[in-house]
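This is upload.csv. It holds CSV, C-alpha atoms and all ligand atoms.
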chain,number,residue,atom,x,y,z
A,1,SER,CA,37.2,28.8,26.4
A,2,ARG,CA,38.7,28.4,23.0
A,3,SER,CA,41.9,30.4,22.5
A,4,ILE,CA,42.6,31.5,19.0
A,5,ARG,CA,45.9,33.1,17.8
A,6,LEU,CA,45.1,35.9,15.5
A,7,ALA,CA,47.6,38.0,13.6
A,8,ALA,CA,46.4,41.5,12.6
A,9,ILE,CA,48.2,43.2,9.7
A,10,PRO,CA,46.6,46.7,9.5
A,11,GLY,CA,48.8,47.7,6.6
A,12,ASP,CA,48.5,51.0,4.7
A,13,GLY,CA,46.1,53.8,4.1
A,14,ILE,CA,42.7,53.1,5.6
A,15,GLY,CA,43.9,49.6,6.6
A,16,PRO,CA,44.5,50.4,10.3
A,17,GLU,CA,41.2,52.2,10.7
A,18,VAL,CA,39.1,49.4,9.3
A,19,VAL,CA,41.1,46.7,11.1
A,20,ALA,CA,40.5,48.4,14.4
A,21,GLU,CA,36.8,48.2,13.8
A,22,GLY,CA,37.0,44.5,12.8
A,23,LEU,CA,38.9,43.7,16.0
A,24,LYS,CA,36.4,45.8,18.0
A,25,VAL,CA,33.6,43.6,16.7
A,26,LEU,CA,35.6,40.4,17.2
A,27,ASP,CA,36.2,41.4,20.8
A,28,ALA,CA,32.6,42.2,21.3
A,29,VAL,CA,31.4,38.8,20.0
A,30,ALA,CA,34.1,36.6,21.6
A,31,PRO,CA,32.8,36.3,25.3
A,32,ALA,CA,29.3,35.2,24.5
A,33,HIS,CA,30.8,32.3,22.4
A,34,ASP,CA,33.5,31.4,24.9
A,35,LEU,CA,36.3,32.5,22.5
A,36,SER,CA,39.4,34.4,23.3
A,37,PHE,CA,41.6,35.9,20.7
A,38,GLU,CA,45.3,36.2,21.4
A,39,GLN,CA,46.1,39.1,19.1
A,40,THR,CA,49.5,40.0,17.6
A,41,GLU,CA,49.8,43.0,15.5
A,42,TYR,CA,52.4,43.1,12.7
A,43,ASP,CA,53.5,46.4,11.3
A,44,LEU,CA,54.0,45.6,7.7
A,45,GLY,CA,53.5,47.9,4.8
A,46,ALA,CA,54.8,51.2,3.5
A,47,ALA,CA,55.9,52.6,6.9
A,48,ARG,CA,58.0,49.5,7.7
A,49,TYR,CA,59.4,49.5,4.2
A,50,HIS,CA,60.6,53.1,4.5
A,51,ARG,CA,62.0,52.6,7.9
A,52,THR,CA,63.9,49.3,7.4
A,53,GLY,CA,63.6,48.4,3.7
A,54,GLU,CA,61.8,45.2,4.7
A,55,VAL,CA,58.6,44.1,3.0
A,56,LEU,CA,58.0,40.7,4.5
A,57,PRO,CA,61.0,39.3,6.4
A,58,ASP,CA,61.3,35.5,6.5
A,59,SER,CA,61.2,35.7,10.3
A,60,VAL,CA,57.8,37.4,10.2
A,61,LEU,CA,56.5,34.9,7.7
A,62,ALA,CA,57.5,32.2,10.1
A,63,GLU,CA,55.7,33.8,13.0
A,64,LEU,CA,52.6,34.3,10.8
A,65,ARG,CA,52.7,30.6,10.0
A,66,ASP,CA,52.2,29.8,13.7
A,67,GLN,CA,49.0,31.8,13.9
A,68,ASP,CA,45.5,30.3,13.6
A,69,VAL,CA,44.2,33.1,11.4
A,70,ILE,CA,45.2,36.4,9.9
A,71,LEU,CA,43.2,39.6,9.5
A,72,LEU,CA,44.6,42.0,6.9
A,73,GLY,CA,43.5,45.6,6.2
A,74,ALA,CA,45.0,46.9,3.0
A,75,ILE,CA,48.5,47.1,1.4
A,76,GLY,CA,49.8,49.7,-1.0
A,77,ASP,CA,50.9,53.3,-0.9
A,78,PRO,CA,51.8,55.9,-3.5
A,79,SER,CA,55.1,56.5,-1.8
A,80,VAL,CA,56.3,53.0,-2.7
A,81,PRO,CA,56.8,51.8,-6.3
A,82,SER,CA,53.5,50.3,-7.5
A,83,GLY,CA,53.3,46.6,-6.9
A,84,LEU,CA,56.3,46.3,-4.6
A,85,LEU,CA,54.3,45.8,-1.4
A,86,GLU,CA,51.4,44.1,-3.1
A,87,ARG,CA,53.6,41.4,-4.6
A,88,GLY,CA,56.1,41.2,-1.8
A,89,LEU,CA,53.6,41.0,1.0
A,90,LEU,CA,50.1,40.2,-0.1
A,91,LEU,CA,50.8,37.9,-3.0
A,92,ARG,CA,53.8,36.3,-1.3
A,93,THR,CA,51.6,35.4,1.7
A,94,ARG,CA,48.9,34.0,-0.5
A,95,PHE,CA,51.5,31.9,-2.3
A,96,GLU,CA,53.6,30.8,0.7
A,97,PHE,CA,50.5,29.8,2.7
A,98,ASP,CA,48.8,28.1,-0.2
A,99,HIS,CA,45.7,30.3,-0.2
A,100,TYR,CA,44.4,28.6,-3.3
A,101,ALA,CA,40.7,29.3,-2.6
A,102,ASN,CA,40.2,33.0,-2.7
A,103,LEU,CA,36.6,33.3,-1.5
A,104,ARG,CA,34.7,36.3,-2.5
A,105,PRO,CA,31.0,36.3,-1.8
A,106,VAL,CA,29.0,38.6,-4.1
A,107,LYS,CA,25.8,39.0,-2.1
A,108,LEU,CA,23.4,41.8,-2.0
A,109,LEU,CA,22.4,42.1,1.7
A,110,PRO,CA,19.0,43.6,2.6
A,111,GLY,CA,19.6,47.2,3.4
A,112,ALA,CA,22.5,47.5,0.9
A,113,SER,CA,21.7,49.2,-2.3
A,114,SER,CA,22.6,47.9,-5.7
A,115,PRO,CA,23.1,50.4,-8.6
A,116,LEU,CA,21.2,47.9,-10.8
A,117,ALA,CA,17.5,48.8,-11.2
A,118,GLY,CA,14.9,46.5,-9.9
A,119,VAL,CA,17.4,44.1,-8.3
A,120,GLY,CA,17.0,42.8,-4.7
A,121,PRO,CA,18.8,40.4,-2.4
A,122,ASP,CA,17.2,37.4,-4.1
A,123,ASP,CA,18.9,38.4,-7.4
A,124,ILE,CA,22.5,38.6,-6.3
A,125,ASP,CA,23.8,35.8,-4.2
A,126,MET,CA,27.0,34.3,-5.5
A,127,LEU,CA,30.2,32.9,-4.2
A,128,VAL,CA,33.2,33.5,-6.4
A,129,VAL,CA,36.0,31.0,-5.8
A,130,ARG,CA,39.0,32.7,-7.3
A,131,GLU,CA,42.1,30.5,-7.7
A,132,GLY,CA,44.8,32.2,-5.6
A,133,THR,CA,48.2,30.8,-6.3
A,134,GLU,CA,48.6,30.5,-10.1
A,135,SER,CA,47.8,31.9,-13.5
A,136,LEU,CA,49.2,35.2,-14.5
A,137,TYR,CA,49.9,36.0,-10.9
A,138,ALA,CA,52.7,33.5,-10.9
A,139,GLY,CA,54.9,36.4,-12.0
A,140,THR,CA,57.0,34.4,-14.5
A,141,GLY,CA,58.0,35.8,-17.8
A,142,GLY,CA,60.5,38.5,-18.5
A,143,VAL,CA,61.6,41.3,-20.6
A,144,ILE,CA,64.3,41.6,-23.3
A,145,ARG,CA,65.6,44.7,-25.2
A,146,LYS,CA,64.0,46.8,-22.4
A,147,GLY,CA,63.5,50.4,-23.3
A,148,THR,CA,64.1,49.9,-27.0
A,149,PRO,CA,61.4,49.9,-29.7
A,150,HIS,CA,61.9,46.2,-29.9
A,151,GLU,CA,61.3,45.5,-26.3
A,152,ILE,CA,59.5,42.2,-25.7
A,153,ALA,CA,57.6,41.7,-22.4
A,154,THR,CA,56.2,38.2,-21.7
A,155,GLN,CA,54.0,37.4,-18.8
A,156,GLU,CA,53.1,33.8,-18.4
A,157,SER,CA,50.0,32.2,-17.1
A,158,VAL,CA,51.0,29.1,-15.1
A,159,ASN,CA,48.2,26.6,-14.5
A,160,THR,CA,49.0,23.2,-13.0
A,161,ALA,CA,46.7,20.1,-13.0
A,162,PHE,CA,47.3,20.0,-9.3
A,163,GLY,CA,46.4,23.6,-8.7
A,164,VAL,CA,43.3,23.6,-11.0
A,165,GLU,CA,42.0,20.4,-9.6
A,166,ARG,CA,42.2,21.4,-6.0
A,167,VAL,CA,40.4,24.7,-6.5
A,168,VAL,CA,37.7,23.2,-8.8
A,169,ARG,CA,37.0,20.4,-6.2
A,170,TYR,CA,36.7,23.1,-3.5
A,171,ALA,CA,34.3,25.0,-5.6
A,172,PHE,CA,32.2,21.9,-6.2
A,173,GLU,CA,32.0,21.3,-2.5
A,174,GLN,CA,30.8,24.8,-1.9
A,175,ALA,CA,28.2,24.5,-4.7
A,176,ALA,CA,27.0,21.2,-3.3
A,177,ALA,CA,26.4,22.8,0.1
A,178,ARG,CA,24.2,25.6,-1.3
A,179,PRO,CA,20.5,25.4,-2.2
A,180,ARG,CA,20.9,26.1,-5.9
A,181,LYS,CA,23.9,23.7,-6.4
A,182,LYS,CA,25.2,25.4,-9.6
A,183,LEU,CA,28.8,25.9,-10.5
A,184,THR,CA,29.9,28.1,-13.4
A,185,LEU,CA,33.4,28.0,-14.8
A,186,VAL,CA,34.4,31.5,-15.9
A,187,HIS,CA,37.4,31.5,-18.3
A,188,LYS,CA,38.3,32.5,-21.8
A,189,ASP,CA,38.8,29.1,-23.5
A,190,ASN,CA,38.2,30.4,-26.9
A,191,VAL,CA,41.5,32.3,-26.7
A,192,LEU,CA,43.4,30.9,-23.8
A,193,ALA,CA,43.2,27.4,-25.3
A,194,TYR,CA,45.7,25.5,-23.0
A,195,ALA,CA,44.6,26.9,-19.7
A,196,GLY,CA,41.0,27.0,-20.6
A,197,ASP,CA,41.0,23.4,-21.8
A,198,LEU,CA,42.7,22.3,-18.6
A,199,TYR,CA,40.0,23.9,-16.5
A,200,GLN,CA,37.3,22.4,-18.7
A,201,ARG,CA,38.6,18.9,-18.5
A,202,VAL,CA,39.1,19.2,-14.7
A,203,LEU,CA,35.6,20.6,-14.3
A,204,LYS,CA,34.2,17.6,-16.2
A,205,ARG,CA,36.3,15.0,-14.4
A,206,VAL,CA,35.7,16.3,-10.9
A,207,GLY,CA,32.1,17.0,-11.7
A,208,GLU,CA,31.5,13.2,-11.9
A,209,GLU,CA,32.0,13.1,-8.2
A,210,PHE,CA,29.3,15.7,-7.7
A,211,PRO,CA,26.3,14.6,-9.9
A,212,GLN,CA,24.0,16.8,-7.8
A,213,VAL,CA,25.8,20.0,-8.9
A,214,GLU,CA,24.8,21.5,-12.2
A,215,THR,CA,27.7,22.9,-14.2
A,216,ASP,CA,27.9,25.7,-16.7
A,217,TYR,CA,30.5,27.7,-18.5
A,218,CYS,CA,30.8,31.4,-19.3
A,219,HIS,CA,33.5,33.4,-21.0
A,220,VAL,CA,34.9,36.1,-18.7
A,221,ASP,CA,33.9,39.0,-20.9
A,222,ALA,CA,30.3,37.8,-21.1
A,223,ALA,CA,30.4,37.1,-17.4
A,224,THR,CA,31.1,40.8,-16.7
A,225,MET,CA,28.0,41.7,-18.7
A,226,TYR,CA,25.8,39.0,-17.0
A,227,PHE,CA,26.9,40.4,-13.6
A,228,VAL,CA,25.1,43.5,-14.5
A,229,ASN,CA,22.1,42.4,-16.6
A,230,GLN,CA,21.5,38.8,-15.4
A,231,PRO,CA,23.1,38.3,-12.0
A,232,ARG,CA,20.7,35.5,-11.1
A,233,ARG,CA,22.5,33.4,-13.6
A,234,PHE,CA,25.3,32.7,-11.1
A,235,ASP,CA,25.5,30.7,-7.9
A,236,VAL,CA,29.1,29.5,-7.3
A,237,ILE,CA,31.7,30.6,-9.8
A,238,VAL,CA,35.2,29.1,-10.1
A,239,THR,CA,37.7,31.0,-12.1
A,240,ASP,CA,41.4,31.7,-12.5
A,241,ASN,CA,43.3,34.2,-10.4
A,242,LEU,CA,43.2,37.2,-12.8
A,243,PHE,CA,39.7,36.7,-14.0
A,244,GLY,CA,38.6,36.4,-10.4
A,245,ASP,CA,40.3,39.6,-9.5
A,246,ILE,CA,38.5,41.5,-12.2
A,247,ILE,CA,35.0,40.0,-11.9
A,248,THR,CA,35.0,40.5,-8.1
A,249,ASP,CA,35.4,44.2,-8.4
A,250,ILE,CA,32.3,44.3,-10.7
A,251,GLY,CA,30.7,42.0,-8.2
A,252,ALA,CA,31.4,44.4,-5.4
A,253,ALA,CA,30.0,47.3,-7.4
A,254,VAL,CA,26.7,45.5,-8.1
A,255,ALA,CA,26.3,44.2,-4.6
A,256,GLY,CA,26.4,47.4,-2.7
A,257,GLY,CA,29.8,48.8,-3.3
A,258,ILE,CA,33.4,48.1,-2.5
A,259,GLY,CA,32.8,49.2,1.1
A,260,LEU,CA,30.9,46.0,1.7
A,261,ALA,CA,33.0,43.4,-0.2
A,262,ALA,CA,34.7,40.8,2.0
A,263,SER,CA,37.1,38.1,1.1
A,264,GLY,CA,39.0,35.1,2.5
A,265,ASN,CA,42.3,33.8,1.3
A,266,VAL,CA,41.7,30.3,2.3
A,267,ASN,CA,44.0,27.3,2.7
A,268,PRO,CA,41.3,24.6,2.8
A,269,ASP,CA,43.8,21.9,3.8
A,270,GLY,CA,44.8,23.8,7.0
A,271,THR,CA,48.5,23.5,6.3
A,272,ALA,CA,48.9,27.3,6.9
A,273,PRO,CA,46.7,30.0,8.4
A,274,SER,CA,44.1,31.5,6.2
A,275,MET,CA,43.9,35.3,5.8
A,276,PHE,CA,40.8,37.4,5.7
A,277,GLU,CA,40.7,40.9,4.2
A,278,PRO,CA,38.3,43.4,2.6
A,279,VAL,CA,38.5,43.4,-1.2
A,280,HIS,CA,39.1,47.2,-1.2
A,281,GLY,CA,42.6,48.7,-1.3
A,282,SER,CA,44.3,51.2,1.0
A,283,ALA,CA,42.5,54.3,-0.4
A,284,PRO,CA,45.2,56.7,0.5
A,285,ASP,CA,43.1,59.7,-0.6
A,286,ILE,CA,40.7,59.2,2.4
A,287,ALA,CA,43.2,57.6,4.9
A,288,GLY,CA,43.1,59.0,8.4
A,289,GLN,CA,39.9,60.8,8.0
A,290,GLY,CA,37.5,58.3,9.5
A,291,LYS,CA,35.6,58.1,6.3
A,292,ALA,CA,36.3,54.6,5.3
A,293,ASP,CA,33.5,52.0,5.7
A,294,PRO,CA,34.7,49.2,8.0
A,295,THR,CA,31.8,47.0,6.9
A,296,ALA,CA,33.9,45.0,4.4
A,297,THR,CA,36.4,44.2,7.1
A,298,ILE,CA,33.7,43.3,9.6
A,299,LEU,CA,32.1,41.0,7.0
A,300,SER,CA,35.6,39.5,6.5
A,301,VAL,CA,35.6,38.8,10.2
A,302,VAL,CA,32.3,36.9,9.6
A,303,MET,CA,34.2,34.8,7.1
A,304,LEU,CA,37.1,34.4,9.5
A,305,LEU,CA,34.7,33.1,12.2
A,306,ASP,CA,33.0,30.7,9.8
A,307,HIS,CA,36.4,29.4,8.7
A,308,LEU,CA,37.2,28.7,12.4
A,309,GLY,CA,34.0,26.7,12.6
A,310,GLU,CA,32.5,29.4,14.9
A,311,THR,CA,29.3,29.5,13.0
A,312,ALA,CA,27.1,30.8,15.8
A,313,ALA,CA,29.4,33.8,16.4
A,314,ALA,CA,29.6,34.3,12.6
A,315,ARG,CA,25.9,34.5,12.3
A,316,ARG,CA,25.7,36.9,15.2
A,317,VAL,CA,28.0,39.4,13.6
A,318,GLU,CA,26.4,38.9,10.2
A,319,THR,CA,23.0,39.6,11.6
A,320,ALA,CA,24.3,42.7,13.4
A,321,VAL,CA,25.8,44.0,10.1
A,322,ALA,CA,22.5,43.3,8.2
A,323,GLU,CA,20.5,45.2,10.8
A,324,ASP,CA,23.0,48.1,10.7
A,325,LEU,CA,22.8,48.2,6.9
A,326,ILE,CA,19.0,48.5,7.1
A,327,GLU,CA,19.3,51.2,9.7
A,328,ARG,CA,22.0,53.2,7.9
A,329,ALA,CA,19.9,53.5,4.8
A,330,GLY,CA,17.9,56.2,6.7
A,331,ALA,CA,20.7,57.6,8.8
A,332,GLY,CA,23.2,60.4,8.1
A,333,VAL,CA,26.9,59.9,7.4
A,334,ARG,CA,28.7,58.1,10.2
A,335,SER,CA,32.4,57.8,10.8
A,336,THR,CA,34.4,54.6,10.5
A,337,ALA,CA,34.4,54.3,14.3
A,338,GLN,CA,30.7,55.1,14.6
A,339,ILE,CA,29.9,52.2,12.3
A,340,GLY,CA,32.2,49.9,14.1
A,341,ASP,CA,30.7,51.0,17.5
A,342,ALA,CA,27.1,50.5,16.3
A,343,ILE,CA,27.8,47.0,15.0
A,344,ALA,CA,29.9,46.0,18.1
A,345,LYS,CA,27.0,47.2,20.3
A,346,ARG,CA,24.5,45.0,18.5
A,347,VAL,CA,26.8,42.1,18.7
A,348,ALA,CA,27.4,42.5,22.4
A,349,GLY,CA,23.6,43.2,22.7
A,401,LIG,C1,42.8,42.1,-4.7
A,401,LIG,C2,43.9,43.1,-5.1
A,401,LIG,C3,45.2,42.4,-5.3
A,401,LIG,C4,45.1,41.3,-6.4
A,401,LIG,C5,46.4,43.3,-5.6
A,401,LIG,C6,46.5,44.4,-4.6
A,401,LIG,C7,47.7,42.6,-5.8
A,401,LIG,O1,43.5,43.7,-6.3
A,401,LIG,O2,43.0,41.4,-3.6
A,401,LIG,O3,41.9,41.9,-5.4
A,401,LIG,O4,45.2,41.6,-7.5
A,401,LIG,O5,44.8,40.2,-6.0
A,402,MN,MN,41.5,43.2,-7.0

Go ahead and express the file in the form of structure tokens.
Amino acid sequence: SRSIRLAAIPGDGIGPEVVAEGLKVLDAVAPAHDLSFEQTEYDLGAARYHRTGEVLPDSVLAELRDQDVILLGAIGDPSVPSGLLERGLLLRTRFEFDHYANLRPVKLLPGASSPLAGVGPDDIDMLVVREGTESLYAGTGGVIRKGTPHEIATQESVNTAFGVERVVRYAFEQAAARPRKKLTLVHKDNVLAYAGDLYQRVLKRVGEEFPQVETDYCHVDAATMYFVNQPRRFDVIVTDNLFGDIITDIGAAVAGGIGLAASGNVNPDGTAPSMFEPVHGSAPDIAGQGKADPTATILSVVMLLDHLGETAAARRVETAVAEDLIERAGAGVRSTAQIGDAIAKRVAG
């Protein structure tokens, strides 16, 4: 049997509840596919921070680096200054492990319901490839004359030819493997002239290697509108870190809600473990009540299995989720664990 080292970082708020269900489903699917997951849980997040002052110790980062794959719940808590854990833990891991392809499928599954009228699964099936290591997320810039009326805060968008090229090439590869073979660059090149121009030139140059892929360009503001009124327009999207953050929340909303949105922080070169996580946050308002939908985490487990090359196991979990979604349309409200149990049961089936 194939043994896979998996680090679980349940994190804050609803994170532990949804990760428990993700692991439950993983344990249910493993035996039939001859997989065994060697799981290590890392208590990172608000509680650890309050207890020890640590956000992500270097020693933990080193241990994480030795894992095959990471499953993360959610990070962030109102008791900790906003952004401290997000930057110190989540963004640091994405940067240190070179998670340059932040994959966020925006796919309306049968059984899920879109708030858009007259829209079905054939209308919303995209893959957003969000750059994960650069742009405004680089965190460079600074402040002078802080607290005075003359304060100046700068926040720089860092875009390297190396960073743009690797994510654009990855997006072309994804587009080439899909039936529609269409890649749309989403940016704002009418205003962000330097970064937008770099993306455009790289798209054109790398595109020569993929003549079978049709390319298109869309400003980010218009893209938000098209997500709502013309979602069919998109197949694969490549975009910068901040634009990708924003459009994938809209994507989640149109494709059945944030409770279903999965993601992968992928290092396609395999030089460090990739990390899979639901797009949603820690939702402290409903934490500990068994109200959170674990489906986004379970669909992140599907992406994790695909990443490991365990496609048969991935399809099995995906099918179980799809069936559960169809069934839940008619059923009453279920708890986090009830949803996890139902999907795990189908998977073990
Ligand atoms: C996401 C989140 C993070 C991001 C935050 C928590 C730093 O919104 O994964 O989309 O901005 O990338
Ligand atoms: Mn976000």

Would you give me, as CSV, each residue of stretch 174-282 of chain A having an atom within 9 Å of an atom of stretch 115-124 of chain A, along with its shortest atom pair and that distance in Å to one decimal, using only C-alpha atoms and sorting by chain and residue number?
residue,atom,partner,partner_atom,distance
A:Phe227,CA,A:Ile124,CA,8.7
A:Val228,CA,A:Leu116,CA,6.9
A:Asn229,CA,A:Leu116,CA,8.0
A:Gln230,CA,A:Asp123,CA,8.4
A:Pro231,CA,A:Ile124,CA,5.7
A:Arg232,CA,A:Asp123,CA,5.0
A:Arg233,CA,A:Asp123,CA,8.7
A:Phe234,CA,A:Ile124,CA,8.1
A:Asp235,CA,A:Ile124,CA,8.6
A:Ala253,CA,A:Pro115,CA,7.7
A:Val254,CA,A:Pro115,CA,6.1
A:Ala255,CA,A:Ile124,CA,7.0
A:Gly256,CA,A:Pro115,CA,7.4
A:Gly257,CA,A:Pro115,CA,8.7

- Message: Give me the residues near stretch 91-96 of chain A as a PyMOL selection string, where near means some atom within 9 Å (using only C-alpha atoms) and where sequence neighbours in that chain fewer than 4 positions away do not count.
- Response: chain A and resi 56+61+85-87+100+132-134+137-138+265-267+272+274-275

- Would you list the contacts of stretch 317-334 of chain A as a list in words, taking every protein, DNA or RNA residue within 8 Å and counting all atoms listed in the file, but skipping same-chain residues closer than 6 positions in sequence?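 Neighbouring residues, sequence-local ones excluded: Val25, Val29, Leu109, Pro110, Gly111, Ala112, Lys291, Thr295, Ile298, Leu299, Val302, Ala342, Ile343, Arg346 and Val347 of chain A.
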
- Message: List as number ranges by chain the protein and nucleic acid residues lying within 7 Å of ligand MN 402 (chain A), with all atoms listed in the file counted.
- Response: A: 245-246, 249, 279

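Here atom CA of A:Ser335 and atom CA of A:Ala261 stand 18.1 Å from one another.
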
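For the choices A:Phe162, A:Thr336, A:Arg315, A:Glu277, the atom-to-atom distance to ligand LIG 401 (chain A) is smallest for A:Glu277 when using only C-alpha atoms and all ligand atoms.
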
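The residue set within 8 Å of A:Asp240, counting all atoms listed in the file and dropping same-chain residues fewer than 3 places from it, reads A:Arg130, A:Glu131, A:Gly132, A:Glu134, A:Ser135, A:Val186, A:His187, A:Phe243, A:Gly244.
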
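When only C-alpha atoms and all ligand atoms are used to compute distances to ligand LIG 401 (chain A), the closest of the residues A:Glu208, A:Asp269, A:Asp12, A:Glu310 turns out to be A:Asp12.
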
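For the choices A:Leu242, A:Ala62, A:Val129, A:Val80, the atom-to-atom distance to ligand LIG 401 (chain A) is smallest for A:Leu242 when using only C-alpha atoms and all ligand atoms.
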
- Message: Please report the interatomic distance between atom C2 of ligand LIG 401 (chain A) and atom CA of A:Asp216 in Å with one decimal.
- Response: 26.3 Å

- Message: Can you pull out the residues contacting A:Arg201? Cut-off 12 Å, using all atoms listed in the file, and skip same-chain residues under 2 positions away; I want them as a PyMOL selection string.
- Response: chain A and resi 161+164-165+168+185+189+193-199+203-208+217

Return as JSON the box centre and box size in Å, one decimal, for an axis-aligned box around all listed atoms of stretch 310-318 of chain A padded by 8 Å per side.
{"center_x": 29.1, "center_y": 34.4, "center_z": 13.3, "size_x": 22.8, "size_y": 26.0, "size_z": 22.2}

- Note on the structure: One decimal place gives the atom CA of A:Leu6-atom CA of A:Pro31 separation as 15.7 Å

Set the distance at 12 Å and use all atoms listed in the file: which residues neighbour A:Glu173 once local chain neighbours fewer than 4 positions away are removed? I'd like the list as a PDB file with C-alpha atoms, in the frame of the given file.
ATOM      1  CA  ALA A 101      40.700  29.300  -2.600  1.00  0.00           C
ATOM      2  CA  LEU A 127      30.200  32.900  -4.200  1.00  0.00           C
ATOM      3  CA  VAL A 129      36.000  31.000  -5.800  1.00  0.00           C
ATOM      4  CA  ARG A 166      42.200  21.400  -6.000  1.00  0.00           C
ATOM      5  CA  VAL A 167      40.400  24.700  -6.500  1.00  0.00           C
ATOM      6  CA  VAL A 168      37.700  23.200  -8.800  1.00  0.00           C
ATOM      7  CA  ARG A 169      37.000  20.400  -6.200  1.00  0.00           C
ATOM      8  CA  ALA A 177      26.400  22.800   0.100  1.00  0.00           C
ATOM      9  CA  ARG A 178      24.200  25.600  -1.300  1.00  0.00           C
ATOM     10  CA  LYS A 181      23.900  23.700  -6.400  1.00  0.00           C
ATOM     11  CA  LYS A 182      25.200  25.400  -9.600  1.00  0.00           C
ATOM     12  CA  LEU A 183      28.800  25.900 -10.500  1.00  0.00           C
ATOM     13  CA  VAL A 206      35.700  16.300 -10.900  1.00  0.00           C
ATOM     14  CA  GLY A 207      32.100  17.000 -11.700  1.00  0.00           C
ATOM     15  CA  GLU A 209      32.000  13.100  -8.200  1.00  0.00           C
ATOM     16  CA  PHE A 210      29.300  15.700  -7.700  1.00  0.00           C
ATOM     17  CA  PRO A 211      26.300  14.600  -9.900  1.00  0.00           C
ATOM     18  CA  GLN A 212      24.000  16.800  -7.800  1.00  0.00           C
ATOM     19  CA  VAL A 213      25.800  20.000  -8.900  1.00  0.00           C
ATOM     20  CA  VAL A 236      29.100  29.500  -7.300  1.00  0.00           C
ATOM     21  CA  ILE A 237      31.700  30.600  -9.800  1.00  0.00           C
ATOM     22  CA  VAL A 238      35.200  29.100 -10.100  1.00  0.00           C
ATOM     23  CA  PRO A 268      41.300  24.600   2.800  1.00  0.00           C
TER      24      PRO A 268
END

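Taking all atoms listed in the file into account, ligand LIG 401 (chain A) lies nearest to A:Ile75 out of the set A:Val158, A:Ile75, A:Met303, A:Ala153.
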
- Item | Nearest to ligand LIG 401 (chain A) by atom-to-atom distance, counting only C-alpha atoms and all ligand atoms, from A:Leu89, A:Leu35, A:Ala7, A:Ile152 | A:Leu89

- Note on the structure: Among A:Ala223, A:Ile14, A:Ala30, A:Ala8, A:Ile286 is approached most closely, using only C-alpha atoms, by A:Ile14

Could you please fill out stretch 284-297 of chain A with N, CA and C atoms and send it back as a compact mmCIF listing (two decimals), in the frame of the given file?
# COMPACT_ATOMS: atom_id res chain seq x y z
N PRO A 284 44.45 55.70 -0.13
CA PRO A 284 45.20 56.70 0.50
C PRO A 284 44.57 58.11 0.52
N ASP A 285 43.72 58.35 -0.45
CA ASP A 285 43.10 59.70 -0.60
C ASP A 285 42.13 59.96 0.62
N ILE A 286 41.60 58.92 1.26
CA ILE A 286 40.70 59.20 2.40
C ILE A 286 41.29 58.66 3.72
N ALA A 287 42.55 58.24 3.69
CA ALA A 287 43.20 57.60 4.90
C ALA A 287 43.21 58.65 6.04
N GLY A 288 42.98 58.15 7.24
CA GLY A 288 43.10 59.00 8.40
C GLY A 288 42.00 59.95 8.69
N GLN A 289 40.95 59.87 7.89
CA GLN A 289 39.90 60.80 8.00
C GLN A 289 38.60 60.25 8.64
N GLY A 290 38.66 58.96 8.95
CA GLY A 290 37.50 58.30 9.50
C GLY A 290 36.33 58.22 8.56
N LYS A 291 36.66 58.20 7.28
CA LYS A 291 35.60 58.10 6.30
C LYS A 291 35.37 56.74 5.71
N ALA A 292 36.36 55.89 5.94
CA ALA A 292 36.30 54.60 5.30
C ALA A 292 35.17 53.73 5.97
N ASP A 293 34.52 52.93 5.16
CA ASP A 293 33.50 52.00 5.70
C ASP A 293 34.14 50.75 6.16
N PRO A 294 34.03 50.45 7.46
CA PRO A 294 34.70 49.20 8.00
C PRO A 294 33.87 47.97 7.74
N THR A 295 32.72 48.12 7.07
CA THR A 295 31.80 47.00 6.90
C THR A 295 32.46 45.80 6.18
N ALA A 296 33.23 46.10 5.15
CA ALA A 296 33.90 45.00 4.40
C ALA A 296 34.82 44.22 5.31
N THR A 297 35.51 44.93 6.20
CA THR A 297 36.40 44.20 7.10
C THR A 297 35.60 43.43 8.15
